[in-house]
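Next up, upload_15.pdb (PDB, C-alpha atoms):
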```pdb
ATOM      1  CA  MET A 165     -18.970   0.337  20.805
ATOM      2  CA  ALA A 166     -22.627  -0.137  21.665
ATOM      3  CA  ARG A 167     -22.785   3.231  23.414
ATOM      4  CA  ARG A 168     -21.615   5.157  20.379
ATOM      5  CA  ALA A 169     -23.956   3.240  18.129
ATOM      6  CA  ARG A 170     -26.846   4.387  20.324
ATOM      7  CA  LEU A 171     -25.511   7.948  20.348
ATOM      8  CA  LEU A 172     -25.332   7.948  16.570
ATOM      9  CA  GLY A 173     -28.860   6.600  16.439
ATOM     10  CA  ALA A 174     -30.034   9.512  18.585
ATOM     11  CA  LEU A 175     -28.376  11.933  16.169
ATOM     12  CA  GLN A 176     -30.029  10.284  13.199
ATOM     13  CA  GLN A 177     -33.419  10.505  14.871
ATOM     14  CA  SER A 178     -33.384  14.101  16.121
ATOM     15  CA  GLU A 179     -30.436  15.751  14.300
ATOM     16  CA  ILE A 180     -29.805  17.945  17.384
ATOM     17  CA  VAL A 181     -28.786  16.437  20.729
ATOM     18  CA  ARG A 182     -27.971  17.853  24.184
ATOM     19  CA  VAL A 183     -25.240  16.506  26.431
ATOM     20  CA  PRO A 184     -27.298  16.169  29.671
ATOM     21  CA  GLU A 185     -30.120  14.282  27.951
ATOM     22  CA  LEU A 186     -27.686  11.940  26.217
ATOM     23  CA  ALA A 187     -25.793  11.254  29.434
ATOM     24  CA  ASP A 188     -29.050  10.424  31.194
ATOM     25  CA  SER A 189     -30.439   8.201  28.441
ATOM     26  CA  LEU A 190     -27.155   6.300  27.957
ATOM     27  CA  ASN A 191     -26.403   6.144  31.707
ATOM     28  CA  VAL A 192     -22.865   7.553  31.369
ATOM     29  CA  SER A 193     -21.145  10.739  32.489
ATOM     30  CA  GLU A 194     -21.406  14.009  30.592
ATOM     31  CA  ILE A 195     -17.603  13.910  30.179
ATOM     32  CA  THR A 196     -17.915  10.604  28.294
ATOM     33  CA  ILE A 197     -20.636  12.041  26.052
ATOM     34  CA  ARG A 198     -18.538  15.129  25.300
ATOM     35  CA  ARG A 199     -15.600  12.905  24.335
ATOM     36  CA  ASP A 200     -17.783  10.836  22.017
ATOM     37  CA  LEU A 201     -19.203  13.962  20.387
ATOM     38  CA  ASP A 202     -15.706  15.393  19.945
ATOM     39  CA  ASP A 203     -14.681  12.210  18.117
ATOM     40  CA  LEU A 204     -17.688  12.457  15.791
ATOM     41  CA  ALA A 205     -16.931  16.136  15.173
ATOM     42  CA  ALA A 206     -13.362  15.200  14.229
ATOM     43  CA  GLN A 207     -14.832  12.875  11.593
ATOM     44  CA  GLY A 208     -16.831  15.765  10.106
ATOM     45  CA  VAL A 209     -20.162  14.103  10.862
ATOM     46  CA  ILE A 210     -21.504  16.576  13.437
ATOM     47  CA  GLU A 211     -21.078  20.183  14.452
ATOM     48  CA  ARG A 212     -20.398  20.775  18.133
ATOM     49  CA  PHE A 213     -21.963  23.671  19.999
ATOM     50  CA  HIS A 214     -22.058  24.583  23.681
ATOM     51  CA  GLY A 215     -24.027  21.890  25.433
ATOM     52  CA  GLY A 216     -24.644  19.600  22.491
ATOM     53  CA  ALA A 217     -24.263  18.860  18.791
ATOM     54  CA  ARG A 218     -26.135  18.786  15.514
ATOM     55  CA  LEU A 219     -25.927  16.364  12.610
ATOM     56  CA  LEU A 220     -24.314  17.843   9.500
ATOM     57  CA  ALA A 221     -25.682  15.384   6.951
ATOM     58  CA  ARG A 222     -27.493  12.096   6.710
ATOM     59  CA  LEU A 223     -25.128   9.144   6.552
ATOM     60  CA  GLU A 224     -25.055   6.310   4.087
ATOM     61  CA  PRO A 225     -26.789   3.155   5.431
ATOM     62  CA  ALA A 226     -23.525   1.342   6.095
ATOM     63  CA  LEU A 227     -22.409   4.193   8.324
ATOM     64  CA  GLN A 228     -25.695   4.224  10.192
ATOM     65  CA  GLN A 229     -25.252   0.630  11.222
ATOM     66  CA  LYS A 230     -21.925   1.115  12.965
ATOM     67  CA  PRO A 231     -20.345   3.615  15.364
ATOM     68  CA  LEU A 232     -18.045   6.027  13.552
ATOM     69  CA  ALA A 233     -15.183   6.163  16.010
ATOM     70  CA  GLY A 234     -13.218   3.683  18.073
ATOM     71  CA  ASP A 235     -12.187   4.376  21.668
ATOM     72  CA  ASP A 236      -8.767   5.837  22.518
ATOM     73  CA  SER A 237      -7.162   2.470  23.324
ATOM     74  CA  ARG A 238      -8.333   1.075  19.977
ATOM     75  CA  LYS A 239      -6.763   3.945  18.072
ATOM     76  CA  LYS A 240      -3.570   3.694  20.089
ATOM     77  CA  ARG A 241      -3.156   0.014  19.238
ATOM     78  CA  ILE A 242      -3.751   0.744  15.568
ATOM     79  CA  ALA A 243      -1.188   3.560  15.762
ATOM     80  CA  VAL A 244       1.404   1.346  17.460
ATOM     81  CA  GLU A 245       1.113  -1.224  14.671
ATOM     82  CA  ALA A 246       1.174   1.453  11.975
ATOM     83  CA  ALA A 247       4.335   3.011  13.399
ATOM     84  CA  ARG A 248       6.217  -0.234  12.734
ATOM     85  CA  PHE A 249       6.214   0.622   9.030
ATOM     86  CA  VAL A 250       8.082   3.906   9.518
ATOM     87  CA  ASN A 251      11.855   3.975   9.056
ATOM     88  CA  PRO A 252      14.284   6.584  10.417
ATOM     89  CA  GLY A 253      14.786   9.332   7.848
ATOM     90  CA  ASP A 254      11.384   8.814   6.206
ATOM     91  CA  THR A 255       9.236  11.691   5.047
ATOM     92  CA  VAL A 256       5.845  10.729   6.482
ATOM     93  CA  MET A 257       2.536  12.218   5.379
ATOM     94  CA  LEU A 258      -0.388  12.191   7.815
ATOM     95  CA  SER A 259      -3.902  13.154   6.771
ATOM     96  CA  GLY A 260      -6.578  14.604   9.059
ATOM     97  CA  GLY A 261      -8.302  12.687  11.840
ATOM     98  CA  THR A 262      -7.813  11.408  15.358
ATOM     99  CA  THR A 263      -6.308   8.062  14.296
ATOM    100  CA  THR A 264      -3.525   9.723  12.292
ATOM    101  CA  CYS A 265      -2.956  11.987  15.280
ATOM    102  CA  ALA A 266      -2.446   8.833  17.335
ATOM    103  CA  VAL A 267       0.091   7.652  14.728
ATOM    104  CA  PHE A 268       1.962  10.932  15.186
ATOM    105  CA  ARG A 269       2.278  10.272  18.923
ATOM    106  CA  GLU A 270       3.948   6.947  18.168
ATOM    107  CA  ILE A 271       6.498   8.346  15.702
ATOM    108  CA  ALA A 272       7.097  11.829  17.150
ATOM    109  CA  ALA A 273      10.305  10.726  18.869
ATOM    110  CA  MET A 274      11.766   9.313  15.629
ATOM    111  CA  GLU A 275      14.172  11.111  13.294
ATOM    112  CA  VAL A 276      11.614  11.652  10.544
ATOM    113  CA  ARG A 277      10.026  14.535   8.653
ATOM    114  CA  ILE A 278       6.262  14.745   9.032
ATOM    115  CA  VAL A 279       4.060  16.512   6.488
ATOM    116  CA  THR A 280       0.446  17.002   7.520
ATOM    117  CA  ASN A 281      -2.753  18.982   7.149
ATOM    118  CA  ASN A 282      -3.854  17.761  10.578
ATOM    119  CA  ALA A 283      -3.838  20.811  12.870
ATOM    120  CA  MET A 284      -4.416  18.615  15.946
ATOM    121  CA  ILE A 285      -0.828  17.444  15.605
ATOM    122  CA  ILE A 286       0.594  20.903  16.310
ATOM    123  CA  GLY A 287      -0.610  20.684  19.906
ATOM    124  CA  GLU A 288       0.998  17.245  20.281
ATOM    125  CA  MET A 289       4.539  18.547  19.768
ATOM    126  CA  ASN A 290       6.551  18.655  23.005
ATOM    127  CA  GLU A 291      10.111  18.521  24.334
ATOM    128  CA  ARG A 292      10.329  14.786  23.588
ATOM    129  CA  SER A 293       9.462  15.242  19.902
ATOM    130  CA  ARG A 294      12.413  14.761  17.570
ATOM    131  CA  ALA A 295      10.441  14.693  14.334
ATOM    132  CA  GLU A 296      10.570  17.667  11.988
ATOM    133  CA  LEU A 297       7.029  18.949  11.433
ATOM    134  CA  PHE A 298       5.846  20.572   8.194
ATOM    135  CA  VAL A 299       2.246  21.821   8.397
ATOM    136  CA  LEU A 300       0.469  22.351   5.096
ATOM    137  CA  GLY A 301      -1.340  25.649   4.590
ATOM    138  CA  GLY A 302      -4.960  25.954   3.625
ATOM    139  CA  GLU A 303      -8.413  26.732   4.968
ATOM    140  CA  TYR A 304      -8.924  25.583   8.562
ATOM    141  CA  ASN A 305     -11.994  23.440   9.216
ATOM    142  CA  ARG A 306     -13.032  23.967  12.834
ATOM    143  CA  ARG A 307     -15.060  20.761  12.907
ATOM    144  CA  THR A 308     -12.331  18.425  11.719
ATOM    145  CA  ARG A 309      -9.364  20.542  12.847
ATOM    146  CA  ALA A 310      -7.737  20.006   9.464
ATOM    147  CA  LEU A 311      -6.426  22.287   6.706
ATOM    148  CA  ASN A 312      -7.840  21.750   3.232
ATOM    149  CA  GLY A 313      -8.377  23.519  -0.064
ATOM    150  CA  ASP A 314      -6.447  24.748  -3.084
ATOM    151  CA  LEU A 315      -3.418  25.957  -1.123
ATOM    152  CA  THR A 316      -3.134  22.615   0.652
ATOM    153  CA  ASN A 317      -3.395  20.728  -2.630
ATOM    154  CA  LEU A 318      -0.889  22.911  -4.498
ATOM    155  CA  THR A 319       1.690  22.473  -1.741
ATOM    156  CA  LEU A 320       1.155  18.719  -1.570
ATOM    157  CA  LYS A 321       1.915  18.369  -5.271
ATOM    158  CA  GLU A 322       5.417  19.746  -4.609
ATOM    159  CA  ILE A 323       6.308  17.232  -1.893
ATOM    160  CA  HIS A 324       7.319  13.593  -2.235
ATOM    161  CA  GLY A 325       7.078  11.239   0.729
ATOM    162  CA  ALA A 326       8.217   7.761   1.635
ATOM    163  CA  ILE A 327       4.973   6.742   3.338
ATOM    164  CA  CYS A 328       1.540   8.182   4.061
ATOM    165  CA  PHE A 329      -1.004   7.262   6.718
ATOM    166  CA  LEU A 330      -4.531   8.033   5.621
ATOM    167  CA  GLY A 331      -7.444   8.404   7.990
ATOM    168  CA  THR A 332     -10.876   7.883   6.490
ATOM    169  CA  ASN A 333     -14.587   7.869   7.228
ATOM    170  CA  ALA A 334     -15.116   4.642   5.313
ATOM    171  CA  ILE A 335     -13.411   1.857   3.388
ATOM    172  CA  SER A 336     -15.159  -0.989   1.598
ATOM    173  CA  GLN A 337     -14.543  -3.579  -1.090
ATOM    174  CA  LYS A 338     -17.313  -1.989  -3.160
ATOM    175  CA  THR A 339     -16.461   1.728  -3.034
ATOM    176  CA  GLY A 340     -12.864   1.891  -1.848
ATOM    177  CA  LEU A 341     -11.802   4.765   0.392
ATOM    178  CA  THR A 342     -14.460   7.446   0.902
ATOM    179  CA  SER A 343     -14.947  10.587   2.989
ATOM    180  CA  THR A 344     -17.850  12.701   4.236
ATOM    181  CA  ILE A 345     -15.925  15.831   3.201
ATOM    182  CA  TYR A 346     -14.855  16.380  -0.403
ATOM    183  CA  ALA A 347     -11.765  18.454   0.454
ATOM    184  CA  ALA A 348     -10.516  15.703   2.784
ATOM    185  CA  ALA A 349     -11.016  13.113   0.038
ATOM    186  CA  VAL A 350      -8.835  15.194  -2.299
ATOM    187  CA  VAL A 351      -6.041  15.487   0.293
ATOM    188  CA  ASN A 352      -6.020  11.708   0.812
ATOM    189  CA  ARG A 353      -5.835  11.187  -2.943
ATOM    190  CA  LEU A 354      -2.923  13.582  -3.369
ATOM    191  CA  MET A 355      -0.991  12.160  -0.427
ATOM    192  CA  ALA A 356      -1.337   8.700  -1.936
ATOM    193  CA  GLU A 357      -0.080   9.973  -5.291
ATOM    194  CA  GLN A 358       2.965  11.599  -3.682
ATOM    195  CA  CYS A 359       4.088   8.633  -1.543
ATOM    196  CA  GLU A 360       5.781   5.331  -2.284
ATOM    197  CA  ARG A 361       3.954   3.450   0.493
ATOM    198  CA  ARG A 362       0.281   3.974   1.313
ATOM    199  CA  VAL A 363      -1.307   2.848   4.580
ATOM    200  CA  VAL A 364      -4.923   3.342   5.661
ATOM    201  CA  VAL A 365      -5.495   3.504   9.426
ATOM    202  CA  ALA A 366      -9.122   2.995  10.435
ATOM    203  CA  ASP A 367     -11.008   1.311  13.250
ATOM    204  CA  ALA A 368     -13.520  -1.450  12.542
ATOM    205  CA  SER A 369     -16.508   0.911  12.376
ATOM    206  CA  LYS A 370     -15.145   2.336   9.099
ATOM    207  CA  VAL A 371     -14.685  -1.076   7.440
ATOM    208  CA  GLY A 372     -17.521  -1.980   5.092
ATOM    209  CA  ALA A 373     -18.933   1.553   5.216
ATOM    210  CA  THR A 374     -19.420   4.066   2.398
ATOM    211  CA  ALA A 375     -19.326   7.863   2.676
ATOM    212  CA  ASN A 376     -20.116  10.539   0.092
ATOM    213  CA  PHE A 377     -16.840  11.316  -1.650
ATOM    214  CA  ARG A 378     -14.324   8.916  -3.125
ATOM    215  CA  SER A 379     -10.688   9.261  -2.116
ATOM    216  CA  LEU A 380      -9.007   6.190  -3.550
ATOM    217  CA  PRO A 381      -9.842   2.932  -5.270
ATOM    218  CA  LEU A 382      -8.616  -0.147  -3.439
ATOM    219  CA  THR A 383      -5.983  -0.672  -6.126
ATOM    220  CA  GLN A 384      -4.109   2.322  -4.670
ATOM    221  CA  VAL A 385      -4.197   1.059  -1.087
ATOM    222  CA  GLN A 386      -1.226  -1.105  -0.139
ATOM    223  CA  ARG A 387      -1.916  -1.733   3.541
ATOM    224  CA  LEU A 388      -4.789  -1.410   6.017
ATOM    225  CA  VAL A 389      -4.274  -1.316   9.773
ATOM    226  CA  THR A 390      -7.545  -1.867  11.642
ATOM    227  CA  ASP A 391      -8.835  -3.867  14.594
ATOM    228  CA  SER A 392     -10.112  -7.392  15.034
ATOM    229  CA  ASP A 393     -13.777  -6.322  15.101
ATOM    230  CA  ALA A 394     -13.635  -5.520  11.385
ATOM    231  CA  ASP A 395     -16.049  -7.395   9.097
ATOM    232  CA  PRO A 396     -14.293 -10.686   8.162
ATOM    233  CA  ALA A 397     -15.837 -10.692   4.670
ATOM    234  CA  GLU A 398     -14.460  -7.221   3.963
ATOM    235  CA  ILE A 399     -11.035  -8.176   5.292
ATOM    236  CA  ALA A 400     -10.991 -11.285   3.100
ATOM    237  CA  ALA A 401     -11.916  -9.172   0.077
ATOM    238  CA  PHE A 402      -9.145  -6.674   0.824
ATOM    239  CA  ARG A 403      -6.572  -9.424   1.118
ATOM    240  CA  GLY A 404      -7.883 -11.005  -2.052
ATOM    241  CA  ALA A 405      -7.265  -7.682  -3.792
ATOM    242  CA  GLY A 406      -3.627  -7.766  -2.678
ATOM    243  CA  ILE A 407      -3.901  -5.407   0.297
ATOM    244  CA  GLU A 408      -1.798  -6.288   3.347
ATOM    245  CA  VAL A 409      -4.089  -6.180   6.394
ATOM    246  CA  THR A 410      -2.933  -5.870  10.006
ATOM    247  CA  LEU A 411      -5.568  -6.652  12.643
ATOM    248  CA  CYS A 412      -5.066  -5.337  16.175
ATOM    249  CA  ASP A 413      -6.644  -7.142  19.120
ATOM    250  CA  VAL A 414      -8.637  -4.741  21.295
ATOM    251  CA  VAL A 415     -10.999  -4.856  24.229
ATOM    252  CA  ASP A 416     -14.097  -2.723  23.807
ATOM    253  CA  GLU A 417     -15.580  -0.457  26.473
ATOM    254  CA  ARG A 418     -18.988  -1.696  27.511
TER     255      ARG A 418
END
```

Encoded form using structure tokens:
Amino acid sequence: MARRARLLGALQQSEIVRVPELADSLNVSEITIRRDLDDLAAQGVIERFHGGARLLARLEPALQQKPLAGDDSRKKRIAVEAARFVNPGDTVMLSGGTTTCAVFREIAAMEVRIVTNNAMIIGEMNERSRAELFVLGGEYNRRTRALNGDLTNLTLKEIHGAICFLGTNAISQKTGLTSTIYAAAVVNRLMAEQCERRVVVADASKVGATANFRSLPLTQVQRLVTDSDADPAEIAAFRGAGIEVTLCDVVDER
């Protein structure tokens, strides 16, 4: 979205931003700004504090050119398509991130076992949830609301899944799947190793981008579910590499 691209530009320029000033400069409500900042914090790009946020690290050029997070409807549509690949009885692994959390909402009522390091998912469980939830231990990252580290990795190595859904900061034909956080990159790699089917769920802003730490080469990605705004050249390259790509039609907020 254009708004989030401008917000990210403000972060790149000043490194520390305040909610009221952003709301005024972008001509939107403070609630909208807080939601956008929360999404960026979930990606591990910024640190939230009362009244604003600060940039954690400079981004690679490809990330600077695009917003890092899609809107809620975009993620929901990606999640709906992703859920079609889940079968009753599957053991499903979900990595950290808001898009994988959206996938959980779509499969929570199914008779499946879910293994995750995504602490956001715990709060999504309710009386309608039929899925069995197994939360991996580890060190809690307050910014990303995910559990990572040696304990997470050791436990993952003892579990075999039918399918995993991997969130990511970036995916490109040149660098594969990459993350801004090393521990998150390791979790994605291990989940892929432990599952028969491997699906990346990422909105268009992640496609063609490169982050700091490599998770997976494209040869280990079987399917990508993204939206129709994704770079056509990247999508063609993915398909040429044998990756099944599902494109979801979405309508952007403007």

ask   = Using the chain letters and numbers from the file, which residues does the PyMOL selection byres ((chain A and resi 367) around 6) grab, as a ChimeraX atom specification?
value = /A:234,366,368-370,390-391

Within 7 Å of Thr264 in chain A using all atoms listed in the file, minus same-chain residues under 4 positions, as a VMD selection string = chain A and resid 258 to 260 268 329 to 331

Residue with the minimum atom-to-atom distance to Asn282 in chain A, picked from A:Val181, A:Leu190, A:Val364, A:Leu311 with all atoms listed in the file counted, is A:Leu311

Kindly resolve the PyMOL selection byres ((chain A and resi 376) around 7) on the present coordinates and return the residues as a PDB file with C-alpha atoms, in the frame of the given file.
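What landed in expr-v2.pdb:
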```pdb
ATOM      1  CA  THR A 342     -14.460   7.446   0.902  1.00  0.00           C
ATOM      2  CA  SER A 343     -14.947  10.587   2.989  1.00  0.00           C
ATOM      3  CA  THR A 344     -17.850  12.701   4.236  1.00  0.00           C
ATOM      4  CA  THR A 374     -19.420   4.066   2.398  1.00  0.00           C
ATOM      5  CA  ALA A 375     -19.326   7.863   2.676  1.00  0.00           C
ATOM      6  CA  PHE A 377     -16.840  11.316  -1.650  1.00  0.00           C
ATOM      7  CA  ARG A 378     -14.324   8.916  -3.125  1.00  0.00           C
TER       8      ARG A 378
END
```

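Rounded to one decimal, CA of Ala400 in chain A and CA of Ala243 in chain A lie 21.8 Å from each other.
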
Quick one: everything within 8 Å of Arg218 in chain A, counting all atoms listed in the file, minus sequence neighbours fewer than 3 positions away in the same chain. Send it as a list in words.
->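 Contacts, with the query itself left out: Leu175, Glu179, Ile180, Val181, Ile210, Glu211, Arg212 and Phe213 of chain A.
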
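For the residues A:Gly287, A:Lys321, A:Ala246, A:Ser189, ranking by smallest atom-to-atom distance to Thr410 in chain A using all atoms listed in the file places A:Ala246 first.
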